[in-house]
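Source file: my_file_38.tsv; contents: TSV, C-alpha atoms and all ligand atoms.
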chain	number	residue	atom	x	y	z
A	1	MET	CA	-4.85	8.68	27.73
A	2	GLN	CA	-1.11	9.25	27.70
A	3	THR	CA	0.66	12.30	26.32
A	4	ILE	CA	4.23	12.43	25.07
A	5	GLN	CA	5.68	15.78	24.09
A	6	VAL	CA	8.08	16.15	21.17
A	7	GLY	CA	10.01	19.29	22.11
A	8	LEU	CA	11.33	21.08	19.02
A	9	ASN	CA	10.94	24.78	19.91
A	10	SER	CA	8.33	26.33	17.60
A	11	ARG	CA	7.76	22.93	15.95
A	12	SER	CA	6.92	21.13	19.22
A	13	TYR	CA	3.84	18.91	19.36
A	14	PRO	CA	2.06	16.36	21.51
A	15	ILE	CA	1.46	12.66	20.80
A	16	TYR	CA	-1.83	11.58	22.37
A	17	ILE	CA	-2.23	7.81	22.87
A	18	GLY	CA	-5.55	6.35	23.98
A	19	ASN	CA	-8.72	4.60	22.90
A	20	GLY	CA	-11.81	6.12	21.29
A	21	LEU	CA	-9.90	9.21	20.18
A	22	ILE	CA	-11.09	9.26	16.56
A	23	ALA	CA	-14.80	9.53	17.25
A	24	ASN	CA	-14.14	12.26	19.79
A	25	ALA	CA	-11.29	14.22	18.31
A	26	ASP	CA	-11.71	17.35	20.52
A	27	LEU	CA	-7.96	17.50	20.92
A	28	VAL	CA	-7.63	18.43	17.25
A	29	LEU	CA	-10.03	21.40	17.26
A	30	PRO	CA	-7.87	24.01	19.05
A	31	LEU	CA	-5.08	23.37	16.54
A	32	LEU	CA	-7.04	24.17	13.40
A	33	ALA	CA	-5.96	27.52	11.96
A	34	GLN	CA	-9.39	27.73	10.30
A	35	PRO	CA	-12.36	25.34	10.43
A	36	HIS	CA	-11.35	23.52	7.26
A	37	VAL	CA	-9.63	20.14	6.96
A	38	ALA	CA	-8.64	17.82	4.11
A	39	ILE	CA	-8.46	14.19	5.24
A	40	ILE	CA	-6.25	11.86	3.18
A	41	THR	CA	-6.81	8.17	3.73
A	42	ASN	CA	-7.00	4.98	1.67
A	43	GLU	CA	-9.65	2.61	0.40
A	44	ILE	CA	-9.03	0.10	3.24
A	45	VAL	CA	-9.07	2.57	6.12
A	46	ALA	CA	-11.90	4.78	4.81
A	47	PRO	CA	-14.76	2.31	5.39
A	48	LEU	CA	-13.41	1.59	8.89
A	49	TYR	CA	-12.59	4.99	10.36
A	50	LEU	CA	-13.41	7.89	8.05
A	51	ASP	CA	-17.11	8.30	8.85
A	52	PRO	CA	-16.76	8.85	12.62
A	53	LEU	CA	-14.05	11.44	12.01
A	54	VAL	CA	-16.05	13.30	9.36
A	55	ARG	CA	-19.16	13.21	11.58
A	56	PHE	CA	-17.15	14.67	14.45
A	57	PHE	CA	-15.86	17.56	12.32
A	58	THR	CA	-19.25	18.25	10.75
A	59	LYS	CA	-20.89	18.34	14.19
A	60	ASN	CA	-18.26	20.89	15.24
A	61	GLY	CA	-18.71	23.16	12.21
A	62	VAL	CA	-15.48	22.14	10.44
A	63	ARG	CA	-15.69	22.01	6.63
A	64	THR	CA	-14.25	18.65	5.57
A	65	HIS	CA	-12.97	17.26	2.27
A	66	THR	CA	-11.89	13.64	1.97
A	67	LEU	CA	-9.72	11.66	-0.42
A	68	ALA	CA	-9.35	7.86	-0.32
A	69	LEU	CA	-6.27	6.72	-2.25
A	70	PRO	CA	-5.51	3.22	-3.51
A	71	ASP	CA	-3.85	1.03	-0.88
A	72	GLY	CA	-0.26	-0.10	-0.74
A	73	GLU	CA	3.43	0.72	-0.71
A	74	ALA	CA	3.52	0.58	-4.52
A	75	ASN	CA	1.39	3.77	-4.50
A	76	LYS	CA	3.83	5.78	-2.40
A	77	ASP	CA	4.95	7.54	-5.56
A	78	TRP	CA	4.81	10.73	-7.62
A	79	SER	CA	1.54	9.95	-9.37
A	80	THR	CA	-0.31	9.35	-6.10
A	81	LEU	CA	1.24	12.46	-4.61
A	82	ASN	CA	-0.04	14.38	-7.61
A	83	ARG	CA	-3.54	13.05	-6.96
A	84	ILE	CA	-3.35	14.68	-3.53
A	85	PHE	CA	-2.33	18.01	-5.10
A	86	ASP	CA	-5.16	17.73	-7.67
A	87	PHE	CA	-7.62	17.11	-4.83
A	88	LEU	CA	-6.33	20.01	-2.72
A	89	LEU	CA	-6.41	22.46	-5.64
A	90	THR	CA	-9.81	21.32	-6.89
A	91	ASN	CA	-11.26	21.86	-3.43
A	92	ARG	CA	-9.54	25.25	-3.08
A	93	CYS	CA	-7.63	24.25	0.00
A	94	GLU	CA	-5.76	27.23	1.43
A	95	ARG	CA	-2.66	27.88	3.51
A	96	LYS	CA	-4.70	27.52	6.70
A	97	THR	CA	-6.44	24.30	5.65
A	98	THR	CA	-5.13	21.45	7.83
A	99	LEU	CA	-4.19	18.18	6.10
A	100	ILE	CA	-4.98	15.08	8.11
A	101	ALA	CA	-3.30	11.72	7.42
A	102	LEU	CA	-5.66	8.91	8.47
A	103	GLY	CA	-3.92	5.58	7.88
A	104	GLY	CA	-0.64	3.72	8.08
A	105	GLY	CA	2.87	4.84	7.25
A	106	VAL	CA	2.22	5.04	3.52
A	107	ILE	CA	-0.60	7.55	3.96
A	108	GLY	CA	1.34	9.40	6.67
A	109	ASP	CA	4.49	9.76	4.55
A	110	LEU	CA	2.55	10.83	1.43
A	111	THR	CA	0.30	13.29	3.25
A	112	GLY	CA	3.17	14.76	5.22
A	113	PHE	CA	5.13	15.39	2.02
A	114	ALA	CA	2.07	16.92	0.37
A	115	ALA	CA	1.66	19.18	3.42
A	116	ALA	CA	5.34	20.17	3.31
A	117	THR	CA	5.10	21.26	-0.31
A	118	TYR	CA	1.49	22.34	-1.05
A	119	LEU	CA	1.46	26.16	-1.14
A	120	ARG	CA	5.01	25.87	0.30
A	121	GLY	CA	3.72	24.29	3.49
A	122	VAL	CA	0.38	23.84	5.26
A	123	PRO	CA	-0.37	22.45	8.73
A	124	PHE	CA	-0.83	18.72	9.12
A	125	ILE	CA	-1.95	16.18	11.69
A	126	GLN	CA	-1.16	12.48	11.90
A	127	ILE	CA	-3.87	9.98	12.88
A	128	PRO	CA	-1.93	6.70	12.56
A	129	THR	CA	-3.97	3.50	12.29
A	130	THR	CA	-1.27	0.79	12.05
A	131	LEU	CA	1.00	-0.32	14.87
A	132	LEU	CA	4.03	0.61	12.78
A	133	ALA	CA	2.71	4.13	12.18
A	134	GLN	CA	1.77	4.54	15.85
A	135	VAL	CA	5.25	3.63	17.10
A	136	ASP	CA	7.41	5.13	14.38
A	137	SER	CA	6.33	6.78	11.14
A	138	SER	CA	3.82	9.30	12.55
A	139	VAL	CA	6.46	10.75	14.89
A	140	GLY	CA	9.51	12.76	13.92
A	141	GLY	CA	8.56	14.49	10.70
A	142	LYS	CA	10.13	12.30	8.03
A	143	THR	CA	7.85	12.49	5.01
A	144	GLY	CA	8.26	11.40	1.42
A	145	ILE	CA	7.80	8.96	-1.42
A	146	ASN	CA	9.72	6.13	-3.08
A	147	HIS	CA	11.62	6.31	-6.36
A	148	PRO	CA	12.00	3.18	-8.51
A	149	LEU	CA	15.74	3.39	-7.77
A	150	GLY	CA	15.37	3.67	-4.02
A	151	LYS	CA	13.14	3.76	-0.99
A	152	ASN	CA	12.03	7.13	0.49
A	153	MET	CA	14.44	8.95	-1.83
A	154	ILE	CA	12.30	12.07	-2.29
A	155	GLY	CA	10.94	13.85	0.76
A	156	ALA	CA	11.16	16.51	3.43
A	157	PHE	CA	11.52	16.85	7.17
A	158	TYR	CA	8.18	18.35	8.15
A	159	GLN	CA	6.71	17.98	11.63
A	160	PRO	CA	3.00	17.44	12.30
A	161	LYS	CA	1.09	19.74	14.65
A	162	LEU	CA	-0.24	16.73	16.56
A	163	VAL	CA	-0.24	12.93	16.54
A	164	LEU	CA	-3.54	11.37	17.58
A	165	THR	CA	-3.09	7.66	18.23
A	166	ASP	CA	-6.35	5.78	18.72
A	167	THR	CA	-5.32	2.30	19.86
A	168	ASP	CA	-8.81	0.94	19.06
A	169	THR	CA	-7.81	0.99	15.39
A	170	LEU	CA	-5.41	-1.91	16.02
A	171	ARG	CA	-8.38	-4.27	16.44
A	172	THR	CA	-8.97	-4.40	12.68
A	173	LEU	CA	-5.32	-4.71	11.69
A	174	PRO	CA	-4.27	-8.00	10.05
A	175	ASP	CA	-1.90	-10.16	12.14
A	176	LYS	CA	1.04	-9.68	9.81
A	177	GLU	CA	0.73	-5.89	10.17
A	178	ILE	CA	0.91	-6.27	13.97
A	179	SER	CA	4.13	-8.23	13.44
A	180	ALA	CA	5.46	-5.52	11.10
A	181	GLY	CA	4.89	-2.93	13.84
A	182	LEU	CA	6.69	-5.14	16.35
A	183	ALA	CA	9.79	-5.00	14.12
A	184	GLU	CA	10.14	-1.25	14.76
A	185	ILE	CA	9.23	-1.63	18.46
A	186	ILE	CA	12.03	-4.20	18.96
A	187	LYS	CA	14.38	-1.77	17.19
A	188	TYR	CA	14.12	0.77	20.06
A	189	GLY	CA	15.11	-1.92	22.54
A	190	LEU	CA	18.06	-2.98	20.42
A	191	ILE	CA	19.49	0.47	19.75
A	192	ARG	CA	19.05	2.24	23.09
A	193	ASP	CA	16.77	0.62	25.65
A	194	LEU	CA	17.92	-2.71	27.14
A	195	PRO	CA	15.21	-2.83	29.87
A	196	PHE	CA	12.56	-2.36	27.16
A	197	PHE	CA	14.15	-5.17	25.09
A	198	VAL	CA	14.00	-7.49	28.12
A	199	TRP	CA	10.36	-6.48	28.71
A	200	LEU	CA	9.63	-7.24	25.04
A	201	GLU	CA	11.24	-10.68	25.33
A	202	GLU	CA	8.83	-11.42	28.20
A	203	ASN	CA	5.74	-9.92	26.59
A	204	ILE	CA	6.07	-10.64	22.89
A	205	SER	CA	3.26	-13.20	22.81
A	206	LEU	CA	0.91	-10.88	24.75
A	207	LEU	CA	1.63	-8.20	22.15
A	208	ARG	CA	0.85	-10.57	19.29
A	209	GLN	CA	-2.41	-11.42	21.04
A	210	ARG	CA	-3.15	-7.65	21.10
A	211	ASP	CA	-3.34	-7.38	24.87
A	212	ALA	CA	-4.49	-3.78	25.29
A	213	ALA	CA	-2.31	-2.90	28.29
A	214	ALA	CA	0.81	-4.44	26.75
A	215	LEU	CA	0.22	-2.64	23.44
A	216	ALA	CA	-0.37	0.70	25.18
A	217	TYR	CA	2.90	0.32	27.09
A	218	ALA	CA	4.85	-0.72	23.98
A	219	ILE	CA	3.45	2.20	21.97
A	220	SER	CA	4.20	4.81	24.61
A	221	GLN	CA	7.69	3.43	25.33
A	222	SER	CA	8.46	3.43	21.59
A	223	CYS	CA	7.16	6.99	21.12
A	224	GLN	CA	9.15	8.13	24.17
A	225	ASN	CA	12.32	6.63	22.69
A	226	LYS	CA	11.64	8.10	19.26
A	227	ALA	CA	10.78	11.53	20.69
A	228	GLU	CA	14.06	11.62	22.65
A	229	VAL	CA	16.09	10.76	19.55
A	230	VAL	CA	14.27	13.27	17.35
A	231	MET	CA	14.64	16.02	19.98
A	232	ALA	CA	18.38	15.35	20.07
A	233	ASP	CA	18.81	15.28	16.29
A	234	GLU	CA	15.79	16.34	14.26
A	235	ARG	CA	17.42	16.25	10.81
A	236	GLU	CA	19.61	13.16	11.21
A	237	GLY	CA	23.00	14.78	11.51
A	238	GLY	CA	24.01	12.19	14.11
A	239	VAL	CA	22.16	9.99	16.58
A	240	ARG	CA	18.89	9.80	14.58
A	241	ALA	CA	20.69	7.55	12.08
A	242	LEU	CA	20.52	4.81	14.75
A	243	LEU	CA	16.77	4.56	14.09
A	244	ASN	CA	17.79	3.04	10.76
A	245	LEU	CA	19.09	-0.19	12.29
A	246	GLY	CA	18.44	-2.90	9.70
A	247	HIS	CA	17.09	-0.37	7.21
A	248	THR	CA	20.10	-0.24	4.84
A	249	PHE	CA	19.57	-3.94	4.13
A	250	GLY	CA	15.79	-3.66	4.58
A	251	HIS	CA	15.33	-0.87	2.05
A	252	ALA	CA	17.39	-2.89	-0.46
A	253	ILE	CA	15.08	-5.87	0.13
A	254	GLU	CA	11.97	-3.71	-0.42
A	255	ALA	CA	13.29	-2.07	-3.58
A	256	GLY	CA	14.96	-5.25	-4.89
A	257	LEU	CA	11.83	-7.39	-4.57
A	258	GLY	CA	9.57	-4.54	-5.78
A	259	PHE	CA	7.82	-2.17	-3.35
A	260	GLY	CA	4.98	-3.93	-1.54
A	261	THR	CA	6.29	-7.50	-2.02
A	262	TRP	CA	7.63	-7.63	1.53
A	263	LEU	CA	6.14	-5.38	4.20
A	264	HIS	CA	8.46	-2.65	5.44
A	265	GLY	CA	8.52	-4.23	8.93
A	266	GLU	CA	9.35	-7.65	7.49
A	267	ALA	CA	12.25	-6.21	5.50
A	268	VAL	CA	13.48	-4.34	8.60
A	269	ALA	CA	13.39	-7.58	10.62
A	270	ALA	CA	15.45	-9.56	8.10
A	271	GLY	CA	17.70	-6.51	7.62
A	272	THR	CA	18.28	-6.26	11.36
A	273	ILE	CA	19.40	-9.89	11.48
A	274	LEU	CA	21.91	-9.06	8.70
A	275	ALA	CA	23.14	-6.00	10.65
A	276	ALA	CA	23.43	-8.12	13.80
A	277	THR	CA	25.33	-10.79	11.83
A	278	VAL	CA	27.78	-8.12	10.62
A	279	SER	CA	28.14	-7.04	14.27
A	280	LEU	CA	28.90	-10.65	15.25
A	281	ARG	CA	31.42	-11.15	12.44
A	282	MET	CA	33.16	-7.93	13.51
A	283	LYS	CA	33.35	-9.43	17.03
A	284	LEU	CA	31.15	-6.73	18.51
A	285	ILE	CA	28.36	-8.95	19.84
A	286	SER	CA	28.29	-12.61	20.89
A	287	GLU	CA	26.62	-15.68	19.32
A	288	GLN	CA	24.26	-15.59	22.30
A	289	ASP	CA	23.24	-12.00	21.53
A	290	LEU	CA	22.52	-12.92	17.91
A	291	ALA	CA	20.48	-15.93	19.03
A	292	ARG	CA	18.40	-13.70	21.36
A	293	ILE	CA	17.76	-11.25	18.53
A	294	LYS	CA	16.72	-13.99	16.11
A	295	ASP	CA	14.49	-15.52	18.77
A	296	ILE	CA	12.53	-12.34	19.48
A	297	TYR	CA	11.97	-11.55	15.79
A	298	GLN	CA	10.85	-15.12	15.17
A	299	LYS	CA	8.45	-14.96	18.13
A	300	ALA	CA	7.14	-11.68	16.73
A	301	GLY	CA	6.13	-13.57	13.56
A	302	LEU	CA	8.78	-11.94	11.39
A	303	PRO	CA	11.22	-13.33	8.80
A	304	ILE	CA	14.79	-13.73	10.03
A	305	LYS	CA	16.22	-14.86	6.71
A	306	ALA	CA	16.70	-12.26	4.00
A	307	PRO	CA	15.81	-13.10	0.40
A	308	ASN	CA	18.67	-13.87	-1.95
A	309	LEU	CA	18.68	-10.88	-4.32
A	310	GLY	CA	22.25	-11.67	-5.38
A	311	LYS	CA	25.15	-9.79	-3.82
A	312	ASP	CA	25.51	-7.39	-6.76
A	313	LYS	CA	21.90	-6.26	-6.53
A	314	TYR	CA	22.18	-5.79	-2.76
A	315	LEU	CA	25.38	-3.77	-3.08
A	316	GLU	CA	23.99	-1.65	-5.92
A	317	LEU	CA	20.81	-0.79	-3.98
A	318	MET	CA	22.68	-0.22	-0.72
A	319	GLY	CA	25.06	2.10	-2.55
A	320	SER	CA	22.26	4.64	-2.94
A	321	ASP	CA	21.23	4.51	0.74
A	322	LYS	CA	20.67	7.96	2.26
A	323	LYS	CA	23.42	7.33	4.82
A	324	VAL	CA	26.13	7.00	2.15
A	325	GLU	CA	28.78	9.69	2.72
A	326	GLY	CA	31.54	10.46	0.23
A	327	GLY	CA	30.57	7.29	-1.64
A	328	LYS	CA	31.13	5.19	1.51
A	329	MET	CA	28.37	3.04	2.93
A	330	ARG	CA	27.55	3.55	6.60
A	331	PHE	CA	25.88	0.89	8.72
A	332	ILE	CA	24.16	0.84	12.05
A	333	LEU	CA	25.83	-1.88	14.11
A	334	LEU	CA	25.30	-3.20	17.62
A	335	LYS	CA	27.97	-3.16	20.28
A	336	ASN	CA	25.52	-4.75	22.71
A	337	ILE	CA	21.83	-5.37	22.91
A	338	GLY	CA	20.66	-1.88	23.86
A	339	ALA	CA	23.56	0.04	22.29
A	340	ALA	CA	24.09	0.87	18.61
A	341	PHE	CA	26.54	3.03	16.68
A	342	VAL	CA	27.23	4.17	13.12
A	343	SER	CA	30.14	2.53	11.31
A	344	SER	CA	31.70	3.17	7.90
A	345	GLU	CA	34.32	0.50	8.60
A	346	VAL	CA	32.53	-2.68	7.53
A	347	PRO	CA	35.00	-4.61	5.34
A	348	GLN	CA	33.78	-5.02	1.75
A	349	GLN	CA	34.70	-8.73	1.76
A	350	LEU	CA	32.54	-9.31	4.83
A	351	LEU	CA	29.56	-7.76	2.98
A	352	VAL	CA	30.27	-9.77	-0.16
A	353	ASP	CA	30.42	-13.03	1.83
A	354	LEU	CA	27.28	-12.21	3.81
A	355	LEU	CA	25.21	-11.12	0.83
A	356	SER	CA	26.33	-14.00	-1.35
A	357	ALA	CA	24.44	-16.34	1.02
A	358	PRO	CA	22.17	-14.15	3.18
B	401	LIG	P1	0.75	0.75	5.32
B	401	LIG	O1	0.53	2.18	5.44
B	401	LIG	O2	0.84	0.18	3.95
B	401	LIG	O3	-0.39	-0.02	6.14
B	401	LIG	C1	-0.38	-1.42	6.18
B	401	LIG	C2	-1.70	-2.01	5.71
B	401	LIG	O4	-2.67	-1.88	6.74
B	401	LIG	C3	-2.30	-1.33	4.50
B	401	LIG	O5	-2.92	-2.28	3.69
B	401	LIG	C4	-3.35	-0.41	5.12
B	401	LIG	O6	-4.38	-0.07	4.23
B	401	LIG	C5	-3.85	-1.26	6.24
B	401	LIG	N1	-4.45	-0.58	7.39
B	401	LIG	C6	-4.08	0.59	7.93
B	401	LIG	N2	-4.73	0.78	9.09
B	401	LIG	C7	-5.55	-0.27	9.25
B	401	LIG	C8	-6.45	-0.66	10.26
B	401	LIG	N3	-6.59	0.05	11.38
B	401	LIG	N4	-7.15	-1.80	10.11
B	401	LIG	C9	-6.96	-2.58	9.00
B	401	LIG	N5	-6.10	-2.29	8.03
B	401	LIG	C10	-5.38	-1.14	8.16
B	401	LIG	O7	2.09	0.30	6.07
B	401	LIG	P2	2.74	0.71	7.46
B	401	LIG	O8	3.42	-0.50	7.95
B	401	LIG	O9	1.78	1.40	8.34
B	401	LIG	O10	3.83	1.79	7.04
B	401	LIG	C11	4.93	1.44	6.23
B	401	LIG	C12	5.44	2.70	5.57
B	401	LIG	O11	5.89	3.59	6.57
B	401	LIG	C13	6.60	2.44	4.65
B	401	LIG	O12	6.42	3.18	3.46
B	401	LIG	C14	7.80	2.98	5.41
B	401	LIG	O13	8.80	3.45	4.57
B	401	LIG	C15	7.16	4.09	6.18
B	401	LIG	N6	7.89	4.47	7.39
B	401	LIG	C16	8.12	5.78	7.58
B	401	LIG	C17	8.77	6.20	8.73
B	401	LIG	C18	8.95	7.67	8.98
B	401	LIG	O14	9.68	8.02	9.93
B	401	LIG	N7	8.31	8.54	8.23
B	401	LIG	C19	9.19	5.27	9.69
B	401	LIG	C20	8.93	3.91	9.45
B	401	LIG	C21	8.27	3.53	8.29
B	402	LIG	N1	12.23	5.81	10.99
B	402	LIG	C1	13.50	6.47	11.03
B	402	LIG	C2	13.43	7.87	11.47
B	402	LIG	O1	12.37	8.40	11.70
B	402	LIG	O2	14.42	8.52	11.57
Any chance you could give the structure as structure tokens?
Amino acid sequence: MQTIQVGLNSRSYPIYIGNGLIANADLVLPLLAQPHVAIITNEIVAPLYLDPLVRFFTKNGVRTHTLALPDGEANKDWSTLNRIFDFLLTNRCERKTTLIALGGGVIGDLTGFAAATYLRGVPFIQIPTTLLAQVDSSVGGKTGINHPLGKNMIGAFYQPKLVLTDTDTLRTLPDKEISAGLAEIIKYGLIRDLPFFVWLEENISLLRQRDAAALAYAISQSCQNKAEVVMADEREGGVRALLNLGHTFGHAIEAGLGFGTWLHGEAVAAGTILAATVSLRMKLISEQDLARIKDIYQKAGLPIKAPNLGKDKYLELMGSDKKVEGGKMRFILLKNIGAAFVSSEVPQQLLVDLLSAP
């Protein structure tokens, strides 16, 4: 098992990465403020992983309530959030009841936001079961839901007490969800870790084949990168924005096509190619760099061509991005593979040309 520490003073927590951790979740017990947990999961993950976790808690004298929500990004919304509140209130969950998110990023984001707001804040633990959640969404405390007018528009920064990553859960994940996770893994290489990017270029097919050692390395290297960024800038006043490479375009793709039509990781991949193309057209990176980036995303099984939403739709959706400042759009661009920066200087005409024929 590997441990990565996210150091945030009183909000610090460990990320444990290993196999067989769900059925033997001893690491969770010392963190429970009282022996009472509410596990939020979904109808896909419940039949796979809920029973062993519930059995473990019951064996250890922990009172356990469970809620399995409908699956999918389209349910990351107010009405599903309200179902969590109904469940918590009906079961008389208290301030010292720990909420546990068992699932992918959708369950993690919903549960984290419920934990941030129920009784003005209760403890919560992330048990991520998708590659994307294990390398990104379970770490760093961004929680929230979508609004029909924009992705992740309502939410809170709220750190978990612990992230328990059981890599065995990746065995049941569909291939396209492995690819979606790879999109966020490649992101760390692109924005701040050239040696990791080079390692990914060499190992991308092993990762797609779910080689256990390669996956464990990629997960820990990603969490290490994310932890360092979050420790430097927990609430995205500066460097944390770099984690949004490709997301300004990607979130527009997700919202524009309807949440759940493209996977988040797929939209991030196509969005990253658009961000890299902007970087090329602004003479920041070379044709060769762009070709390398396209090549790795393609080998990861991800789309490199964005859908044609129409430039007006793109610009409208991107205009409500969370990075907009003083009405001005801000983009994450590359100055090299392994180095990104925030720019509010992308010429409007360049965007219009790019988004007219993405
Ligand atoms: P997801 O939660 O929808 O999970 C993907 C699919 O895999 C779902 O159908 C799910 O039921 C299924 N699944 C989960 N675990 C499984 C398993 N072990 N075996 C088989 N099937 C399994 O999607 P995701 O890619 O995990 O997360 C995407 C979400 O995360 C988006 O809403 C995105 O906005 C959010 N996100 C948040 C952050 C953050 O910092 N909070 C970062 C990145 C992404
Ligand atoms: N996934 C972007 C962030 O956590 O900041």
Within 9 Å of ligand LIG 402 (chain B), counting all atoms listed in the file: which residues, as a PyMOL selection string?
chain A and resi 136-142+184+226+229-230+234-236+240-245+247
Centre and edges of the ligand LIG 401 (chain B) box, axis-aligned, 6 Å extra per side, as JSON:
{"center_x": 1.3, "center_y": 3.0, "center_z": 7.4, "size_x": 28.8, "size_y": 23.1, "size_z": 19.9}
Shell of 7 Å around ligand LIG 401 (chain B) (only C-alpha atoms and all ligand atoms), written as a PyMOL selection string:
chain A and resi 42+44-45+71-73+76+103-107+109+129-133+136-143+152+169-174+177+180-181+263-265
Tell me, as a PDB file with C-alpha atoms, keeping the file's coordinate frame, which residues lie within 8 Å of Ala23 (chain A), counting all atoms listed in the file; anything in the same chain fewer than 6 positions away does not count.
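The file below, selection.pdb, is the result:
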ATOM      1  CA  PRO A  52     -16.760   8.850  12.620  1.00  0.00           C
ATOM      2  CA  LEU A  53     -14.050  11.440  12.010  1.00  0.00           C
ATOM      3  CA  PHE A  56     -17.150  14.670  14.450  1.00  0.00           C
TER       4      PHE A  56
END
Using only C-alpha atoms, which of A:Leu257, A:Val268, A:Leu21, A:Met231 sits nearest Leu302 (chain A)?
A:Val268
Could you please determine the separation between CA of Gln349 (chain A) and CA of Leu315 (chain A) in Å, to one decimal place?
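About the pair CA of Gln349 (chain A) and CA of Leu315 (chain A): they are 11.6 Å apart.
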Record the distance separating CA of Ile127 (chain A) and CA of Ser12 (chain A), expressed in Å with one decimal.
16.8 Å
Taking only C-alpha atoms into account, name the residue in A:Ala227, A:Leu99, A:Val163, A:Leu119 that is nearest to Ile22 (chain A).
A:Val163
Reconstruct region 232-244 of chain A at the level of N, CA, C and O atoms, and format the result as a short mmCIF file (atom, residue, chain, number, x, y, z; two decimals), in the frame of the given file.
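Generated output (rebuild_29.cif):
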data_model
loop_
_atom_site.label_atom_id
_atom_site.label_comp_id
_atom_site.auth_asym_id
_atom_site.auth_seq_id
_atom_site.Cartn_x
_atom_site.Cartn_y
_atom_site.Cartn_z
N ALA A 232 16.92 15.19 20.05
CA ALA A 232 18.38 15.35 20.07
C ALA A 232 18.93 15.65 18.68
O ALA A 232 19.99 16.27 18.54
N ASP A 233 18.23 15.21 17.64
CA ASP A 233 18.81 15.28 16.29
C ASP A 233 17.68 15.22 15.25
O ASP A 233 17.50 14.19 14.59
N GLU A 234 16.99 16.34 15.10
CA GLU A 234 15.79 16.34 14.26
C GLU A 234 16.07 15.95 12.81
O GLU A 234 15.31 15.22 12.19
N ARG A 235 17.19 16.42 12.25
CA ARG A 235 17.42 16.25 10.81
C ARG A 235 18.50 15.22 10.49
O ARG A 235 19.12 15.24 9.44
N GLU A 236 18.72 14.30 11.41
CA GLU A 236 19.61 13.16 11.21
C GLU A 236 21.04 13.55 10.85
O GLU A 236 21.63 13.05 9.90
N GLY A 237 21.58 14.47 11.68
CA GLY A 237 23.00 14.78 11.51
C GLY A 237 23.85 13.81 12.30
O GLY A 237 25.06 13.71 12.11
N GLY A 238 23.24 13.08 13.25
CA GLY A 238 24.01 12.19 14.11
C GLY A 238 23.18 11.03 14.61
O GLY A 238 22.89 10.08 13.87
N VAL A 239 22.74 11.14 15.88
CA VAL A 239 22.16 9.99 16.58
C VAL A 239 20.88 9.45 15.93
O VAL A 239 20.57 8.27 16.05
N ARG A 240 20.15 10.28 15.20
CA ARG A 240 18.89 9.80 14.58
C ARG A 240 19.15 8.65 13.59
O ARG A 240 18.28 7.83 13.36
N ALA A 241 20.36 8.63 13.03
CA ALA A 241 20.69 7.55 12.08
C ALA A 241 20.51 6.17 12.73
O ALA A 241 20.23 5.18 12.05
N LEU A 242 20.64 6.11 14.07
CA LEU A 242 20.52 4.81 14.75
C LEU A 242 19.12 4.20 14.56
O LEU A 242 18.95 2.98 14.63
N LEU A 243 18.14 5.06 14.33
CA LEU A 243 16.77 4.56 14.09
C LEU A 243 16.70 3.75 12.80
O LEU A 243 15.68 3.12 12.51
N ASN A 244 17.77 3.79 12.02
CA ASN A 244 17.79 3.04 10.76
C ASN A 244 18.43 1.67 10.91
O ASN A 244 18.82 1.05 9.91
#
